[in-house]
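Okay, so here's the structure we're looking at.
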Amino acid sequence: MKESRTQRWLVGGPPLAYLLVFFAIPTLIMVVASFRYAGEYDGLAPLLIEEEAGQRTLDLTLESYRLFFSDTLYVELFLKSFGYALITTLACLVIAYPLALLIARSPTRVRDLLVLLVILPFWSNFLIRVYAWMIILGPESAFMRVMNSGLAVFGLEPIELLNTPFAVLVGLVYVHLPFMVLPLYANLEKHDSSLLDAAQDLGANAWRRFWRVTFPLSLPGVYAGATLVFIPAFGIFAIPDILGGTNGIMIGNVIKQQFLDTRDWPFGSVLSMILTAVAIAIAGGAAWYARRSRL
Amino acid sequence: MALLEIKNVSRRFGSFLAVDDVSLSISAGEFFCLLGPSGCGKTTLLRMVAGFDRPDAGAVWIDGADVTALAPEQRNVHTVFQSYALFPHMSVFDNITFPLRMSNVAKADIQARVAEALEDVRLTGKEKRYPNELSGGQRQRVAVARALVNRPKILLLDEPLAALDAKLKEQMQLELITLQKEVDITFIYVTHDQQEALALSHRVAVMNNGRIEQLDEPSRIYGFPRNRFVADFIGQCNLLEARVVATADGVGNLDLAGIGTVRQRQEDGMSAGGQGVLALRPEKITIGHSAPAEDGWNHFRGKVFDFLYFGDVTIYVVEMENGQRIEAMLPNSAPGRAKFFEPGDAVEVSWRPDAGSFLLD
């Protein structure tokens, strides 16, 4: 049955309207804001100014973009955040893949339980879980004390993990892991086991069966998971705020600072726009690559 | 010496005995069929030859070596799977080179070997296609080419034609026969389609409940079924409950329940008092308006109950006076006639004393 035009709009209209109001319009406001002047005390300067009586013009500038490129600090922060997001993505992939494979190849009942365990952390608040890591990695935690006394046995100096880039990465990997596990599992679960039988029958050992059959066929899941992990990790601010101290700062922290502390909204908007553009480029690139490789 | 020897193999899944003490030996170059209804153990037996399953008891020997404990990748046996199991992310070329790469064949040889394999299955020129761009028949050919490319000792085929339509199936059957002769590799073919088994193979093992009921050439399986199951499973067959009344001069008198006494060629184990079944193929039974003139034929009166018109032949279901039904097959090749009888027609059913087989229970 072919649905009528009205039916299609009834179904598609509300979500479309929602996206328009809460995503497209705010994004547009940010785009415009990135070209505006900062307000005298905070926020934004008026968009329209009256130069002569009755004649209003748009008051726009490229000043904030110039600021971004005038100091390597911001580009470096972008690169650093990119690096953190990349490491997070790879670490999540390495941890999530065996887990997803294990779940996908478990009997149905065990499988449901394991999936439940993967999504269980979502039942508690994100910030609470990150604060928990602050305690675990803090100098007084049982974990750190055991580790440092272990190091002392070998005559090594005690180390601190909290307020280091390492702590930020631990937090990033921990928080984003389910977003890698779930798409990978969804992909691996659909694999036709007769393909593995065929590969084995034709002489492939377990290692080759994985790299020649399972892994290439799971690439759509890898791309989906990588996109779901990389993009939020790239722009995150809460985790470096809580676990990173001054060394672990990421671009998301600077954006937050511009809006809430420095109150330079145009510059905050510029950073946001660049972040969004990079994220879109990466997601688009992954989608393009996935399609090109016939997956 | 036999190429494949299955020695007293049993396989149990929980309380279900899938394969029950099966022994058979298959020689090099043979086209062998394992035939039986689903659940008869034929696929389990095949998987144990391929190495995907291990017997609980017994051994599998290939080419004089015990391979029971070897993994599938260590056996020189390849399988054509029912679903074809082509690698969807690889082109036809890459699919076919897969086993060559796995056995580290020199790169220089690969091209020629693939070309040869594609020629074997008449798919030359399709190297760059992907499985989802091929028709069912073409996929099947790729699966065969992939399994044959590095010349295994034995090729196992697990209902490879089940997914094809009738016409294509027949064409593929002919091609498989030709191919098997060309490559001279032992084929072991699993199917539940008795016609396919009869058409393809040199020998057929009919399986039921994990055991081999009969192992013989197709014509003997069809013509001389050894027991009730084989007679019933292979082709159409009238199975009439029978008791031996007396035997004399190579002819036995059988009392067919509710029909009457018939003459039947004496076979081994047929002696007065024996209880069993008379298996009569429909094509061995004739029906007519009057009894045949020949001496010694068995004949009874009946009434046409219904018929199945197949084009080349018609099967008439004749109801005997006591309600027992017998199927008789008449060729439609007589000139000028399309149909001989209508339901309700009174007919004479007759057959020669050597037309059927008496199967002692």
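Numbering starts fresh at 1 for the residues of each chain in the structure tokens, the chains themselves are lettered A, B, ... in the order given, and ligands are numbered from 1 as they appear.
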Selection: 7 Å around Ala205 in chain B, only C-alpha atoms, excl. self and same-chain fewer than 2 positions, as a ChimeraX atom specification: /B:33-35,203,207,212,214-216
Selection file, N, CA and C atoms, as a compact mmCIF listing (two decimals), in the first residue's frame:
```txt
# COMPACT_ATOMS: atom_id res chain seq x y z
N CYS B 33 25.52 -40.40 -3.24
CA CYS B 33 24.43 -39.61 -2.65
C CYS B 33 24.04 -40.16 -1.29
N LEU B 34 23.87 -39.24 -0.34
CA LEU B 34 23.23 -39.59 0.92
C LEU B 34 21.82 -39.04 0.83
N LEU B 35 20.85 -39.95 0.84
CA LEU B 35 19.47 -39.56 0.61
C LEU B 35 18.64 -39.94 1.83
N ARG B 203 26.11 -44.31 -6.79
CA ARG B 203 25.51 -45.11 -5.72
C ARG B 203 24.76 -44.19 -4.77
N MET B 207 19.05 -43.14 3.88
CA MET B 207 19.17 -43.11 5.34
C MET B 207 17.84 -42.83 6.00
N ILE B 212 21.68 -46.50 7.67
CA ILE B 212 21.56 -46.68 6.22
C ILE B 212 20.58 -47.83 5.98
N GLN B 214 19.46 -48.75 2.87
CA GLN B 214 19.87 -49.49 1.68
C GLN B 214 20.96 -48.69 0.97
N LEU B 215 21.97 -49.41 0.46
CA LEU B 215 23.05 -48.76 -0.25
C LEU B 215 23.25 -49.52 -1.55
N ASP B 216 22.96 -48.82 -2.66
CA ASP B 216 23.03 -49.54 -3.93
C ASP B 216 23.04 -48.55 -5.08
```
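The list of residues with at least one atom within 10 Å of Arg66 in chain A, based on only C-alpha atoms and without residues fewer than 4 positions apart in the same chain, reads Thr61, Leu62, Ser70, Asp71, Phe267 and Val270 of chain A.
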Notebook entry, point to check: If you run DSSP on the backbone, which residues of range 159-305 of chain B are alpha helix (DSSP H), as a VMD selection string?
Noted result: chain B and resid 166 to 183 194 to 200 218 to 223 228 to 233
Interface, chain B side, toward chain A (7 Å; only C-alpha atoms) as a PDB file with N, CA and C atoms, in the first residue's frame:
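Contents of the output file part_37.pdb:
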```pdb
ATOM      1  N   PRO B  72      38.320 -28.953  10.308  1.00  0.00           N
ATOM      2  CA  PRO B  72      37.943 -28.832   8.893  1.00  0.00           C
ATOM      3  C   PRO B  72      39.045 -28.229   8.035  1.00  0.00           C
ATOM      4  N   GLU B  73      39.769 -27.209   8.584  1.00  0.00           N
ATOM      5  CA  GLU B  73      40.779 -26.551   7.767  1.00  0.00           C
ATOM      6  C   GLU B  73      41.992 -27.441   7.508  1.00  0.00           C
ATOM      7  N   GLN B  74      42.061 -28.557   8.247  1.00  0.00           N
ATOM      8  CA  GLN B  74      43.197 -29.461   8.048  1.00  0.00           C
ATOM      9  C   GLN B  74      42.853 -30.636   7.138  1.00  0.00           C
ATOM     10  N   HIS B  78      36.353 -30.253   0.734  1.00  0.00           N
ATOM     11  CA  HIS B  78      35.663 -28.974   0.684  1.00  0.00           C
ATOM     12  C   HIS B  78      34.164 -29.179   0.550  1.00  0.00           C
ATOM     13  N   THR B  79      33.428 -28.161   0.982  1.00  0.00           N
ATOM     14  CA  THR B  79      31.975 -28.283   1.034  1.00  0.00           C
ATOM     15  C   THR B  79      31.325 -27.194   0.200  1.00  0.00           C
ATOM     16  N   ALA B  85      27.074 -19.748   1.011  1.00  0.00           N
ATOM     17  CA  ALA B  85      28.058 -19.133   1.909  1.00  0.00           C
ATOM     18  C   ALA B  85      29.163 -18.418   1.148  1.00  0.00           C
ATOM     19  N   LEU B  86      28.798 -17.702   0.096  1.00  0.00           N
ATOM     20  CA  LEU B  86      29.797 -16.883  -0.600  1.00  0.00           C
ATOM     21  C   LEU B  86      30.107 -15.677   0.269  1.00  0.00           C
ATOM     22  N   PHE B  87      31.361 -15.228   0.244  1.00  0.00           N
ATOM     23  CA  PHE B  87      31.733 -14.067   1.045  1.00  0.00           C
ATOM     24  C   PHE B  87      31.192 -12.813   0.355  1.00  0.00           C
ATOM     25  N   HIS B  89      31.563  -9.716   0.815  1.00  0.00           N
ATOM     26  CA  HIS B  89      32.449  -8.563   0.653  1.00  0.00           C
ATOM     27  C   HIS B  89      33.571  -8.835  -0.334  1.00  0.00           C
ATOM     28  N   PRO B  99      40.512 -20.107  -1.064  1.00  0.00           N
ATOM     29  CA  PRO B  99      41.212 -21.338  -0.648  1.00  0.00           C
ATOM     30  C   PRO B  99      42.652 -21.397  -1.151  1.00  0.00           C
ATOM     31  N   MET B 102      44.664 -19.401   1.233  1.00  0.00           N
ATOM     32  CA  MET B 102      44.770 -20.100   2.513  1.00  0.00           C
ATOM     33  C   MET B 102      45.825 -21.197   2.444  1.00  0.00           C
ATOM     34  N   SER B 103      46.001 -21.788   1.255  1.00  0.00           N
ATOM     35  CA  SER B 103      47.021 -22.835   1.160  1.00  0.00           C
ATOM     36  C   SER B 103      48.298 -22.287   0.526  1.00  0.00           C
TER      37      SER B 103
END
```
Practice task
Might you pull out every residue within 6 Å of Pro282 in chain B, with only C-alpha atoms counted and same-chain residues fewer than 3 positions away left off, and present them as a count of residues only?
Solution key: 4
- Query: Which neighbours of Gly311 in chain B fall inside 10 Å, counting only C-alpha atoms, when residues of the same chain fewer than 2 positions from it are skipped, and could you give them as a list in words?
  - Reply: Leu308, Tyr309, Val313, Thr314, Pro331, Asn332, Ser333 and Ala338 of chain B
Contacts of range 149-153 of chain B at 6 Å or less, counting only C-alpha atoms, minus same-chain residues fewer than 3 places along, as a PyMOL selection string? chain B and resi 76-77+117+145-146
So that I can check the surroundings of Gly223 in chain B, please list as a CSV table (one decimal) with C-alpha atoms, in the first residue's frame every protein, DNA and RNA residue that reaches within 10 Å of it, counting only C-alpha atoms and ignoring chain neighbours fewer than 5 positions away.
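Below you can see around-v6.csv, which holds the result:
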```csv
chain,number,residue,atom,x,y,z
B,217,GLU,CA,23.0,-48.3,-7.5
B,218,PRO,CA,20.0,-46.0,-8.3
B,231,ALA,CA,10.0,-48.5,-1.2
B,234,ILE,CA,11.8,-43.6,-3.3
B,280,LEU,CA,4.0,-52.2,-6.4
B,281,ARG,CA,5.2,-49.2,-8.5
B,355,ALA,CA,5.9,-56.6,-11.1
B,356,GLY,CA,6.2,-56.0,-7.4
B,357,SER,CA,8.5,-56.8,-4.5
```
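Between CA of Gly225 in chain A and CA of Thr89 in chain A the interatomic distance comes to 8.4 Å.
Separating CA of Asp312 in chain B from CA of Glu283 in chain B is a distance of 12.4 Å.
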CA of Thr286 in chain B to CA of Phe358 in chain B measures 18.8 Å
Can you tell me, as a CSV table (one decimal) with N, CA and C atoms, in the first residue's frame, what residues are no more than 6 Å from range 127-139 of chain B when counting only C-alpha atoms, ignoring any on the same chain fewer than 3 positions away?
```csv
chain,number,residue,atom,x,y,z
B,88,PRO,N,30.2,-12.1,1.0
B,88,PRO,CA,29.6,-11.0,0.3
B,88,PRO,C,30.5,-9.8,0.0
B,91,SER,N,34.7,-10.1,-4.3
B,91,SER,CA,34.3,-10.4,-5.7
B,91,SER,C,34.4,-11.9,-6.0
B,92,VAL,N,33.8,-12.3,-7.1
B,92,VAL,CA,33.9,-13.7,-7.5
B,92,VAL,C,35.3,-14.1,-7.5
B,93,PHE,N,36.2,-13.3,-8.1
B,93,PHE,CA,37.6,-13.6,-8.1
B,93,PHE,C,38.2,-13.9,-6.7
B,142,VAL,N,29.6,-20.4,-8.5
B,142,VAL,CA,30.8,-19.8,-7.8
B,142,VAL,C,31.1,-20.6,-6.6
```
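Among the candidates A:Leu120, A:Leu86, A:Ala277, A:Leu93, the residue lying nearest to Phe234 in chain A is A:Leu86 (atoms considered: only C-alpha atoms).
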